[in-house]
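Next comes my_file.pdb, a file with PDB, C-alpha atoms and all ligand atoms.
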ATOM      1  CA  MET A  18      83.165  96.423  82.484  1.00  0.00           C
ATOM      2  CA  GLY A  19      84.279  95.363  78.978  1.00  0.00           C
ATOM      3  CA  LYS A  20      82.426  95.386  75.742  1.00  0.00           C
ATOM      4  CA  MET A  21      81.074  91.916  75.064  1.00  0.00           C
ATOM      5  CA  ALA A  22      79.373  91.739  71.679  1.00  0.00           C
ATOM      6  CA  THR A  23      76.702  89.104  71.249  1.00  0.00           C
ATOM      7  CA  GLY A  24      75.882  87.146  68.121  1.00  0.00           C
ATOM      8  CA  SER A  25      77.662  84.313  66.378  1.00  0.00           C
ATOM      9  CA  PRO A  26      81.399  84.624  65.803  1.00  0.00           C
ATOM     10  CA  GLN A  27      82.452  85.544  62.279  1.00  0.00           C
ATOM     11  CA  ILE A  28      85.258  83.957  60.361  1.00  0.00           C
ATOM     12  CA  ALA A  29      88.064  86.455  60.056  1.00  0.00           C
ATOM     13  CA  ASN A  30      88.506  88.013  56.657  1.00  0.00           C
ATOM     14  CA  PRO A  31      92.233  88.291  55.890  1.00  0.00           C
ATOM     15  CA  ALA A  32      91.632  91.166  53.461  1.00  0.00           C
ATOM     16  CA  ARG A  33      90.396  93.309  56.348  1.00  0.00           C
ATOM     17  CA  LEU A  34      93.430  92.708  58.508  1.00  0.00           C
ATOM     18  CA  ASP A  35      94.799  95.749  60.256  1.00  0.00           C
ATOM     19  CA  PRO A  36      98.461  95.969  59.095  1.00  0.00           C
ATOM     20  CA  SER A  37      99.577  96.438  62.691  1.00  0.00           C
ATOM     21  CA  THR A  38      98.044  93.118  63.759  1.00  0.00           C
ATOM     22  CA  PRO A  39     100.909  91.063  65.163  1.00  0.00           C
ATOM     23  CA  TRP A  40     100.069  87.632  63.706  1.00  0.00           C
ATOM     24  CA  SER A  41     101.057  86.770  60.188  1.00  0.00           C
ATOM     25  CA  LEU A  42      98.731  86.116  57.278  1.00  0.00           C
ATOM     26  CA  THR A  43     100.041  82.558  56.984  1.00  0.00           C
ATOM     27  CA  GLN A  44      99.177  81.890  60.589  1.00  0.00           C
ATOM     28  CA  LEU A  45      95.699  83.278  59.989  1.00  0.00           C
ATOM     29  CA  LEU A  46      95.090  81.214  56.860  1.00  0.00           C
ATOM     30  CA  VAL A  47      96.367  78.015  58.482  1.00  0.00           C
ATOM     31  CA  LYS A  48      94.241  78.478  61.561  1.00  0.00           C
ATOM     32  CA  ASN A  49      91.270  80.042  59.749  1.00  0.00           C
ATOM     33  CA  GLN A  50      89.235  80.374  62.882  1.00  0.00           C
ATOM     34  CA  PRO A  51      87.406  83.328  64.407  1.00  0.00           C
ATOM     35  CA  ARG A  52      89.696  85.956  65.932  1.00  0.00           C
ATOM     36  CA  TYR A  53      88.540  86.992  69.323  1.00  0.00           C
ATOM     37  CA  MET A  54      89.270  90.141  71.230  1.00  0.00           C
ATOM     38  CA  MET A  55      89.710  88.889  74.747  1.00  0.00           C
ATOM     39  CA  ARG A  56      91.075  90.493  77.901  1.00  0.00           C
ATOM     40  CA  LEU A  57      90.924  88.158  80.847  1.00  0.00           C
ATOM     41  CA  ILE A  58      92.181  88.009  84.406  1.00  0.00           C
ATOM     42  CA  PHE A  59      92.741  84.534  85.857  1.00  0.00           C
ATOM     43  CA  LEU A  60      92.360  84.289  89.628  1.00  0.00           C
ATOM     44  CA  GLY A  61      92.717  81.358  91.965  1.00  0.00           C
ATOM     45  CA  PRO A  62      95.119  79.836  94.477  1.00  0.00           C
ATOM     46  CA  PRO A  63      98.557  78.537  93.514  1.00  0.00           C
ATOM     47  CA  GLY A  64      98.140  75.112  91.896  1.00  0.00           C
ATOM     48  CA  ALA A  65      94.609  75.819  90.642  1.00  0.00           C
ATOM     49  CA  GLY A  66      95.587  75.200  87.013  1.00  0.00           C
ATOM     50  CA  LYS A  67      95.313  78.827  85.871  1.00  0.00           C
ATOM     51  CA  GLY A  68      98.604  78.686  83.993  1.00  0.00           C
ATOM     52  CA  THR A  69      97.675  75.526  82.069  1.00  0.00           C
ATOM     53  CA  GLN A  70      94.303  76.914  81.019  1.00  0.00           C
ATOM     54  CA  ALA A  71      95.726  80.333  80.202  1.00  0.00           C
ATOM     55  CA  ALA A  72      98.353  78.748  77.944  1.00  0.00           C
ATOM     56  CA  LEU A  73      95.721  76.713  76.055  1.00  0.00           C
ATOM     57  CA  LEU A  74      93.465  79.704  75.458  1.00  0.00           C
ATOM     58  CA  ALA A  75      96.339  82.015  74.559  1.00  0.00           C
ATOM     59  CA  GLU A  76      97.471  79.508  71.933  1.00  0.00           C
ATOM     60  CA  ARG A  77      93.954  79.109  70.539  1.00  0.00           C
ATOM     61  CA  TRP A  78      93.269  82.825  70.356  1.00  0.00           C
ATOM     62  CA  GLN A  79      96.831  83.902  69.562  1.00  0.00           C
ATOM     63  CA  ILE A  80      96.972  86.434  72.361  1.00  0.00           C
ATOM     64  CA  PRO A  81      99.728  86.764  74.964  1.00  0.00           C
ATOM     65  CA  HIS A  82      99.593  84.774  78.184  1.00  0.00           C
ATOM     66  CA  ILE A  83     101.091  87.156  80.728  1.00  0.00           C
ATOM     67  CA  SER A  84     102.178  85.322  83.859  1.00  0.00           C
ATOM     68  CA  THR A  85     103.902  87.555  86.392  1.00  0.00           C
ATOM     69  CA  GLY A  86     105.301  84.435  88.111  1.00  0.00           C
ATOM     70  CA  GLU A  87     106.898  83.275  84.824  1.00  0.00           C
ATOM     71  CA  ILE A  88     108.293  86.733  84.055  1.00  0.00           C
ATOM     72  CA  LEU A  89     109.746  86.937  87.568  1.00  0.00           C
ATOM     73  CA  ARG A  90     111.241  83.417  87.390  1.00  0.00           C
ATOM     74  CA  GLN A  91     112.880  84.348  84.082  1.00  0.00           C
ATOM     75  CA  ALA A  92     114.229  87.570  85.631  1.00  0.00           C
ATOM     76  CA  VAL A  93     115.711  85.534  88.510  1.00  0.00           C
ATOM     77  CA  ALA A  94     117.251  83.034  86.068  1.00  0.00           C
ATOM     78  CA  ASP A  95     118.735  85.887  84.004  1.00  0.00           C
ATOM     79  CA  GLY A  96     120.024  87.681  87.099  1.00  0.00           C
ATOM     80  CA  THR A  97     118.401  90.988  86.074  1.00  0.00           C
ATOM     81  CA  PRO A  98     118.011  93.801  88.655  1.00  0.00           C
ATOM     82  CA  LEU A  99     114.315  92.833  88.967  1.00  0.00           C
ATOM     83  CA  GLY A 100     115.229  89.174  89.458  1.00  0.00           C
ATOM     84  CA  ILE A 101     117.807  90.021  92.111  1.00  0.00           C
ATOM     85  CA  LYS A 102     115.238  92.070  94.042  1.00  0.00           C
ATOM     86  CA  ALA A 103     112.434  89.491  93.645  1.00  0.00           C
ATOM     87  CA  LYS A 104     114.296  86.268  94.448  1.00  0.00           C
ATOM     88  CA  SER A 105     114.135  86.186  98.230  1.00  0.00           C
ATOM     89  CA  TYR A 106     110.431  87.011  98.300  1.00  0.00           C
ATOM     90  CA  MET A 107     109.701  84.226  95.827  1.00  0.00           C
ATOM     91  CA  ASP A 108     111.876  81.696  97.650  1.00  0.00           C
ATOM     92  CA  ASN A 109     109.939  82.426 100.841  1.00  0.00           C
ATOM     93  CA  GLY A 110     106.484  82.274  99.275  1.00  0.00           C
ATOM     94  CA  GLU A 111     105.889  85.998  99.864  1.00  0.00           C
ATOM     95  CA  LEU A 112     104.555  88.494  97.368  1.00  0.00           C
ATOM     96  CA  VAL A 113     107.141  90.542  95.516  1.00  0.00           C
ATOM     97  CA  PRO A 114     106.595  94.261  96.373  1.00  0.00           C
ATOM     98  CA  ASP A 115     103.732  95.869  94.478  1.00  0.00           C
ATOM     99  CA  ARG A 116     105.821  98.631  92.890  1.00  0.00           C
ATOM    100  CA  LEU A 117     108.027  96.023  91.159  1.00  0.00           C
ATOM    101  CA  VAL A 118     105.199  93.883  89.753  1.00  0.00           C
ATOM    102  CA  ILE A 119     103.093  96.895  88.813  1.00  0.00           C
ATOM    103  CA  ALA A 120     106.000  98.410  86.865  1.00  0.00           C
ATOM    104  CA  LEU A 121     106.500  95.058  85.175  1.00  0.00           C
ATOM    105  CA  ILE A 122     102.849  94.692  84.156  1.00  0.00           C
ATOM    106  CA  GLU A 123     102.586  98.321  83.061  1.00  0.00           C
ATOM    107  CA  GLU A 124     105.477  97.848  80.687  1.00  0.00           C
ATOM    108  CA  ARG A 125     104.208  94.483  79.428  1.00  0.00           C
ATOM    109  CA  LEU A 126     100.680  95.728  78.667  1.00  0.00           C
ATOM    110  CA  GLN A 127     102.054  98.472  76.456  1.00  0.00           C
ATOM    111  CA  GLN A 128     103.859  96.076  74.117  1.00  0.00           C
ATOM    112  CA  SER A 129     102.372  95.771  70.626  1.00  0.00           C
ATOM    113  CA  ASP A 130     101.223  92.135  70.921  1.00  0.00           C
ATOM    114  CA  THR A 131      98.538  93.141  73.438  1.00  0.00           C
ATOM    115  CA  LYS A 132      96.328  94.936  70.895  1.00  0.00           C
ATOM    116  CA  ARG A 133      93.848  92.063  70.518  1.00  0.00           C
ATOM    117  CA  GLY A 134      93.871  91.167  74.169  1.00  0.00           C
ATOM    118  CA  TRP A 135      95.729  89.203  76.811  1.00  0.00           C
ATOM    119  CA  ILE A 136      95.313  86.770  79.653  1.00  0.00           C
ATOM    120  CA  LEU A 137      96.740  87.899  82.974  1.00  0.00           C
ATOM    121  CA  ASP A 138      97.771  84.953  85.158  1.00  0.00           C
ATOM    122  CA  GLY A 139      98.958  85.678  88.702  1.00  0.00           C
ATOM    123  CA  PHE A 140      98.208  89.403  88.621  1.00  0.00           C
ATOM    124  CA  PRO A 141      96.582  91.126  90.468  1.00  0.00           C
ATOM    125  CA  ARG A 142      97.534  89.359  93.709  1.00  0.00           C
ATOM    126  CA  ASN A 143      96.080  91.872  96.188  1.00  0.00           C
ATOM    127  CA  VAL A 144      93.483  94.642  96.230  1.00  0.00           C
ATOM    128  CA  PRO A 145      95.977  97.522  95.732  1.00  0.00           C
ATOM    129  CA  GLN A 146      97.288  95.749  92.605  1.00  0.00           C
ATOM    130  CA  ALA A 147      93.692  95.276  91.377  1.00  0.00           C
ATOM    131  CA  THR A 148      92.916  98.959  91.910  1.00  0.00           C
ATOM    132  CA  THR A 149      96.095 100.078  90.157  1.00  0.00           C
ATOM    133  CA  LEU A 150      95.423  97.675  87.280  1.00  0.00           C
ATOM    134  CA  GLY A 151      91.943  99.167  86.847  1.00  0.00           C
ATOM    135  CA  GLU A 152      93.449 102.662  86.614  1.00  0.00           C
ATOM    136  CA  LEU A 153      96.110 101.501  84.201  1.00  0.00           C
ATOM    137  CA  LEU A 154      93.581  99.748  81.924  1.00  0.00           C
ATOM    138  CA  ASP A 155      91.424 102.876  81.908  1.00  0.00           C
ATOM    139  CA  ALA A 156      94.433 104.987  80.993  1.00  0.00           C
ATOM    140  CA  ILE A 157      95.402 102.750  78.055  1.00  0.00           C
ATOM    141  CA  SER A 158      91.754 102.116  77.030  1.00  0.00           C
ATOM    142  CA  GLN A 159      92.020  98.350  77.445  1.00  0.00           C
ATOM    143  CA  PRO A 160      89.063  97.399  79.670  1.00  0.00           C
ATOM    144  CA  CYS A 161      89.057  93.889  81.068  1.00  0.00           C
ATOM    145  CA  ASP A 162      86.252  91.598  79.821  1.00  0.00           C
ATOM    146  CA  ARG A 163      86.126  88.989  82.609  1.00  0.00           C
ATOM    147  CA  ALA A 164      87.859  87.821  85.746  1.00  0.00           C
ATOM    148  CA  LEU A 165      87.724  84.039  86.133  1.00  0.00           C
ATOM    149  CA  ASN A 166      88.205  82.455  89.522  1.00  0.00           C
ATOM    150  CA  PHE A 167      89.429  78.841  89.502  1.00  0.00           C
ATOM    151  CA  GLU A 168      88.193  77.035  92.609  1.00  0.00           C
ATOM    152  CA  VAL A 169      90.034  73.929  93.836  1.00  0.00           C
ATOM    153  CA  PRO A 170      89.970  72.273  97.323  1.00  0.00           C
ATOM    154  CA  THR A 171      93.132  72.914  99.368  1.00  0.00           C
ATOM    155  CA  ASP A 172      94.235  69.249  99.692  1.00  0.00           C
ATOM    156  CA  ILE A 173      94.178  68.927  95.902  1.00  0.00           C
ATOM    157  CA  LEU A 174      96.195  72.156  95.532  1.00  0.00           C
ATOM    158  CA  VAL A 175      98.925  70.913  97.862  1.00  0.00           C
ATOM    159  CA  ALA A 176      99.146  67.560  96.057  1.00  0.00           C
ATOM    160  CA  ARG A 177      99.370  69.309  92.673  1.00  0.00           C
ATOM    161  CA  MET A 178     102.076  71.714  93.818  1.00  0.00           C
ATOM    162  CA  LEU A 179     104.164  68.945  95.391  1.00  0.00           C
ATOM    163  CA  GLY A 180     103.956  67.098  92.067  1.00  0.00           C
ATOM    164  CA  ARG A 181     105.185  70.108  90.029  1.00  0.00           C
ATOM    165  CA  GLY A 182     108.711  70.189  91.388  1.00  0.00           C
ATOM    166  CA  ARG A 183     109.264  73.936  91.013  1.00  0.00           C
ATOM    167  CA  GLN A 184     111.983  75.491  93.167  1.00  0.00           C
ATOM    168  CA  ASP A 185     109.417  77.309  95.345  1.00  0.00           C
ATOM    169  CA  ASP A 186     107.227  74.186  95.621  1.00  0.00           C
ATOM    170  CA  ASN A 187     108.618  72.744  98.878  1.00  0.00           C
ATOM    171  CA  GLU A 188     106.228  72.106 101.766  1.00  0.00           C
ATOM    172  CA  THR A 189     107.086  75.176 103.855  1.00  0.00           C
ATOM    173  CA  THR A 190     106.821  77.560 100.922  1.00  0.00           C
ATOM    174  CA  ILE A 191     103.630  75.954  99.674  1.00  0.00           C
ATOM    175  CA  ARG A 192     102.034  76.456 103.102  1.00  0.00           C
ATOM    176  CA  ARG A 193     103.133  80.101 103.146  1.00  0.00           C
ATOM    177  CA  ARG A 194     101.903  80.736  99.590  1.00  0.00           C
ATOM    178  CA  LEU A 195      98.489  79.386 100.504  1.00  0.00           C
ATOM    179  CA  GLU A 196      98.389  81.637 103.615  1.00  0.00           C
ATOM    180  CA  VAL A 197      99.386  84.652 101.537  1.00  0.00           C
ATOM    181  CA  TYR A 198      96.705  83.702  99.029  1.00  0.00           C
ATOM    182  CA  LEU A 199      93.987  83.594 101.713  1.00  0.00           C
ATOM    183  CA  GLU A 200      95.105  86.831 103.369  1.00  0.00           C
ATOM    184  CA  GLN A 201      95.882  88.971 100.347  1.00  0.00           C
ATOM    185  CA  THR A 202      94.615  87.452  97.119  1.00  0.00           C
ATOM    186  CA  GLU A 203      91.225  86.057  98.057  1.00  0.00           C
ATOM    187  CA  PRO A 204      89.787  89.575  98.643  1.00  0.00           C
ATOM    188  CA  VAL A 205      90.506  90.281  94.966  1.00  0.00           C
ATOM    189  CA  ILE A 206      87.705  87.833  94.060  1.00  0.00           C
ATOM    190  CA  GLU A 207      85.208  90.037  95.883  1.00  0.00           C
ATOM    191  CA  PHE A 208      86.677  93.106  94.180  1.00  0.00           C
ATOM    192  CA  TYR A 209      85.796  91.687  90.748  1.00  0.00           C
ATOM    193  CA  ARG A 210      82.460  90.288  91.928  1.00  0.00           C
ATOM    194  CA  GLN A 211      81.503  93.825  92.940  1.00  0.00           C
ATOM    195  CA  HIS A 212      82.567  95.064  89.521  1.00  0.00           C
ATOM    196  CA  GLY A 213      80.144  92.539  88.004  1.00  0.00           C
ATOM    197  CA  CYS A 214      82.705  90.755  85.863  1.00  0.00           C
ATOM    198  CA  LEU A 215      83.484  87.613  87.880  1.00  0.00           C
ATOM    199  CA  THR A 216      82.922  84.071  86.584  1.00  0.00           C
ATOM    200  CA  VAL A 217      83.595  81.089  88.878  1.00  0.00           C
ATOM    201  CA  ILE A 218      85.141  77.971  87.342  1.00  0.00           C
ATOM    202  CA  ASP A 219      85.260  74.551  89.029  1.00  0.00           C
ATOM    203  CA  GLY A 220      88.979  73.847  88.712  1.00  0.00           C
ATOM    204  CA  ASN A 221      88.774  70.378  90.224  1.00  0.00           C
ATOM    205  CA  ARG A 222      88.249  68.620  86.905  1.00  0.00           C
ATOM    206  CA  SER A 223      90.338  67.413  83.995  1.00  0.00           C
ATOM    207  CA  VAL A 224      92.265  69.953  81.921  1.00  0.00           C
ATOM    208  CA  GLU A 225      90.100  69.053  78.903  1.00  0.00           C
ATOM    209  CA  ASP A 226      86.777  69.507  80.726  1.00  0.00           C
ATOM    210  CA  ILE A 227      87.789  72.893  82.106  1.00  0.00           C
ATOM    211  CA  HIS A 228      89.106  74.043  78.741  1.00  0.00           C
ATOM    212  CA  ARG A 229      85.828  73.041  77.048  1.00  0.00           C
ATOM    213  CA  ASP A 230      83.806  74.941  79.670  1.00  0.00           C
ATOM    214  CA  LEU A 231      85.926  78.051  79.207  1.00  0.00           C
ATOM    215  CA  LEU A 232      85.319  78.017  75.461  1.00  0.00           C
ATOM    216  CA  VAL A 233      81.580  77.614  75.984  1.00  0.00           C
ATOM    217  CA  ALA A 234      81.520  80.409  78.565  1.00  0.00           C
ATOM    218  CA  LEU A 235      83.716  82.878  76.699  1.00  0.00           C
ATOM    219  CA  GLU A 236      83.595  82.501  72.938  1.00  0.00           C
ATOM    220  CA  PRO A 237      79.889  83.111  72.276  1.00  0.00           C
ATOM    221  CA  GLN A 238      80.045  86.448  74.088  1.00  0.00           C
ATOM    222  CA  ALA A 239      83.378  87.626  72.756  1.00  0.00           C
ATOM    223  CA  THR A 240      83.960  90.402  70.285  1.00  0.00           C
ATOM    224  CA  THR A 241      85.303  88.898  67.090  1.00  0.00           C
ATOM    225  CA  HIS A 242      88.101  90.736  65.407  1.00  0.00           C
ATOM    226  CA  SER A 243      89.058  90.606  61.766  1.00  0.00           C
TER     227      SER A 243
HETATM  228  P1  LIG A 301     103.143  82.149  90.491  1.00  0.00           P
HETATM  229  O1  LIG A 301     103.921  81.470  89.403  1.00  0.00           O
HETATM  230  O2  LIG A 301     102.021  82.994  89.962  1.00  0.00           O
HETATM  231  O3  LIG A 301     102.682  81.175  91.550  1.00  0.00           O
HETATM  232  O4  LIG A 301     104.136  83.177  91.218  1.00  0.00           O
HETATM  233  C1  LIG A 301     105.318  82.722  91.832  1.00  0.00           C
HETATM  234  C2  LIG A 301     105.815  83.767  92.796  1.00  0.00           C
HETATM  235  O5  LIG A 301     106.075  84.991  92.092  1.00  0.00           O
HETATM  236  C3  LIG A 301     104.823  84.148  93.879  1.00  0.00           C
HETATM  237  O6  LIG A 301     104.878  83.262  94.988  1.00  0.00           O
HETATM  238  C4  LIG A 301     105.293  85.553  94.239  1.00  0.00           C
HETATM  239  O7  LIG A 301     106.458  85.519  95.025  1.00  0.00           O
HETATM  240  C5  LIG A 301     105.710  86.112  92.876  1.00  0.00           C
HETATM  241  N1  LIG A 301     104.575  86.799  92.209  1.00  0.00           N
HETATM  242  C6  LIG A 301     103.947  86.425  91.061  1.00  0.00           C
HETATM  243  N2  LIG A 301     102.980  87.302  90.745  1.00  0.00           N
HETATM  244  C7  LIG A 301     102.993  88.247  91.704  1.00  0.00           C
HETATM  245  C8  LIG A 301     102.218  89.418  91.947  1.00  0.00           C
HETATM  246  N3  LIG A 301     101.210  89.786  91.132  1.00  0.00           N
HETATM  247  N4  LIG A 301     102.517  90.164  93.047  1.00  0.00           N
HETATM  248  C9  LIG A 301     103.517  89.833  93.865  1.00  0.00           C
HETATM  249  N5  LIG A 301     104.271  88.731  93.708  1.00  0.00           N
HETATM  250  C10 LIG A 301     104.025  87.936  92.640  1.00  0.00           C
END
Show me, as structure tokens, the structure contained in the file I just sent.
Amino acid sequence: MGKMATGSPQIANPARLDPSTPWSLTQLLVKNQPRYMMRLIFLGPPGAGKGTQAALLAERWQIPHISTGEILRQAVADGTPLGIKAKSYMDNGELVPDRLVIALIEERLQQSDTKRGWILDGFPRNVPQATTLGELLDAISQPCDRALNFEVPTDILVARMLGRGRQDDNETTIRRRLEVYLEQTEPVIEFYRQHGCLTVIDGNRSVEDIHRDLLVALEPQATTHS
């Protein structure tokens, strides 16, 4: 799928910065670390730790962490038309209709901060969403580099979700979200395996250990960007 350049990462040269690059020169000089072009899809059941890992990598690489769940929760909190439509599905642990989340992601991926990449967390959630995302990425010439599947045993997932205290983290909803995951989202793993861009991550470890593994797996193969 994506273009993964090999070779050792280069330190970014501020003088060669594209003026449209969203991060500031100060930020670049302070961080002074290689700039990676990275487009990733994070897969895995609810509670697998995708959001935590996505946030860490997004911060390190200064690319947006796009969580459809977060965007939807914000829309509900703000009482927007999207939030009003999505709320009951979310409260019941069901998927929000595809046309709503696809429209949301389509708009988000066209914002200017996505030029050097993104991490999608919680999208796609079913095979039709995965197919539509593929078409959309082709159309905007933003091929995905990798899909990472975070594997965690179910009893650990339930314990983690009960400990999070989110509004949709009560026992009934958790059970339903796991069922929906098995029925609709798990087939997406196979979809990316067949596309040859799937990497499996053991998510049943400490945040630090997983983060370290992700850096080892992703950074040496990434395209650096200056
Ligand atoms: P998350 O934070 O990813 O666990 O998502 C929370 C809730 O938002 C899910 O239980 C769904 O109701 C909804 N949601 C998030 N992403 C999607 C998606 N890609 N498709 C449909 N519904 C979604």
Quiz item: So how far away is CA of Gln70 (chain A) from CA of Asp230 (chain A), in Å?
Solution: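 Those two atoms sit 10.8 Å apart.
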Exercise. Produce as a PyMOL selection string the set of residues near ligand LIG 301 (chain A), where near means within 9 Å with all atoms listed in the file considered.
Key: chain A and resi 62-64+67-68+84-90+103-115+117-119+122+138-143+146+185+190-191+193-194+197
Considering all atoms listed in the file, give me a table of residues in region 157-179 of chain A that are at most 10 Å from region 205-214 of chain A, with the closest atom pair and distance in Å for each, as JSON lines.
{"residue": "A:Cys161", "atom": "CA", "partner": "A:Cys214", "partner_atom": "CA", "distance": 8.6}
{"residue": "A:Asp162", "atom": "CA", "partner": "A:Cys214", "partner_atom": "CA", "distance": 7.1}
{"residue": "A:Arg163", "atom": "CA", "partner": "A:Cys214", "partner_atom": "CA", "distance": 5.0}
{"residue": "A:Ala164", "atom": "CA", "partner": "A:Cys214", "partner_atom": "CA", "distance": 5.9}
{"residue": "A:Leu165", "atom": "CA", "partner": "A:Cys214", "partner_atom": "CA", "distance": 8.4}
{"residue": "A:Asn166", "atom": "CA", "partner": "A:Ile206", "partner_atom": "CA", "distance": 7.1}
Create the file for the chosen residues now, containing C-alpha atoms and written as a JSON list (two decimals), keeping the file's coordinate frame.
[["chain", "number", "residue", "atom", "x", "y", "z"],
["A", 161, "CYS", "CA", 89.06, 93.89, 81.07],
["A", 162, "ASP", "CA", 86.25, 91.60, 79.82],
["A", 163, "ARG", "CA", 86.13, 88.99, 82.61],
["A", 164, "ALA", "CA", 87.86, 87.82, 85.75],
["A", 165, "LEU", "CA", 87.72, 84.04, 86.13],
["A", 166, "ASN", "CA", 88.20, 82.46, 89.52]]
Quiz item: Got a sec: who's within 9 Å of region 224-227 of chain A, counting all atoms listed in the file, leaving out chain neighbours fewer than 6 positions off, as a list in words?
Solution: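 In the requested format, the answer is Gly66, Thr69, Gln70 and Ile218 of chain A.
As for CA of Trp135 (chain A) and CA of Ala239 (chain A), they are spaced 13.1 Å apart.
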Quiz item: In Å to one decimal, how far is CA of Ile101 (chain A) from CA of Glu188 (chain A)?
Solution: 23.4 Å
Exercise. Point out the residue among A:Asn221, A:Gln128, A:Thr149, A:Thr216 with the least atom-to-atom distance to Arg177 (chain A), counting all atoms listed in the file.
Key: A:Asn221
Quiz item: Mind listing as a VMD selection string all residues within 6 Å of (88.8, 86.1, 69.3), counting all atoms listed in the file?
Solution: chain A and resid 51 to 54 78 241
Write the residues of the preceding selection, restricted to C-alpha atoms, as a PDB file, keeping the file's coordinate frame.
ATOM      1  CA  PRO A  51      87.406  83.328  64.407  1.00  0.00           C
ATOM      2  CA  ARG A  52      89.696  85.956  65.932  1.00  0.00           C
ATOM      3  CA  TYR A  53      88.540  86.992  69.323  1.00  0.00           C
ATOM      4  CA  MET A  54      89.270  90.141  71.230  1.00  0.00           C
ATOM      5  CA  TRP A  78      93.269  82.825  70.356  1.00  0.00           C
ATOM      6  CA  THR A 241      85.303  88.898  67.090  1.00  0.00           C
TER       7      THR A 241
END
Quiz item: Quick one: of A:Glu123, A:Asp130, A:Glu236, A:Gln201, who's nearest to Gly151 (chain A), counting all atoms listed in the file?
Solution: A:Glu123
Quiz item: How would you write, as number ranges by chain, the residues chosen by the PyMOL selection byres (((chain A and resi 176) around 12) and not hetatm) on this structure?
Solution: A: 63-65, 169-175, 177-182, 186-188, 191-192
Exercise. Pick out the closest residue to Ile83 (chain A) from this set: A:Thr97, A:Thr189, A:Thr131, A:Gln184. Count all atoms listed in the file.
Key: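 Checking each candidate against Ile83 (chain A), we get A:Thr131 as the closest.
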Quiz item: Between A:Ala234, A:Arg56, A:Arg133, A:Asp95, which has the minimum distance to Pro160 (chain A) (counting all atoms listed in the file)?
Solution: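 Comparing A:Ala234, A:Arg56, A:Arg133, A:Asp95 against Pro160 (chain A), the winner is A:Arg56.
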Quiz item: Hey, which of A:Glu200, A:Val233, A:Phe167, A:Pro81 ends up closest to Val217 (chain A)? Count all atoms listed in the file.
Solution: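 Closest to Val217 (chain A), using all atoms listed in the file: A:Phe167.
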Give the centre and edge lengths of an axis-aligned box, in Å to one decimal, that holds all listed atoms of region 121-139 of chain A with 3 Å on each side, as JSON.
{"center_x": 100.2, "center_y": 91.7, "center_z": 79.6, "size_x": 18.7, "size_y": 19.5, "size_z": 24.2}
Quiz item: Nearest to Leu57 (chain A): which of A:Pro237, A:Gly134, A:Pro204, A:Gly220 is it, counting all atoms listed in the file?
Solution: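 Closest candidate: A:Gly134.
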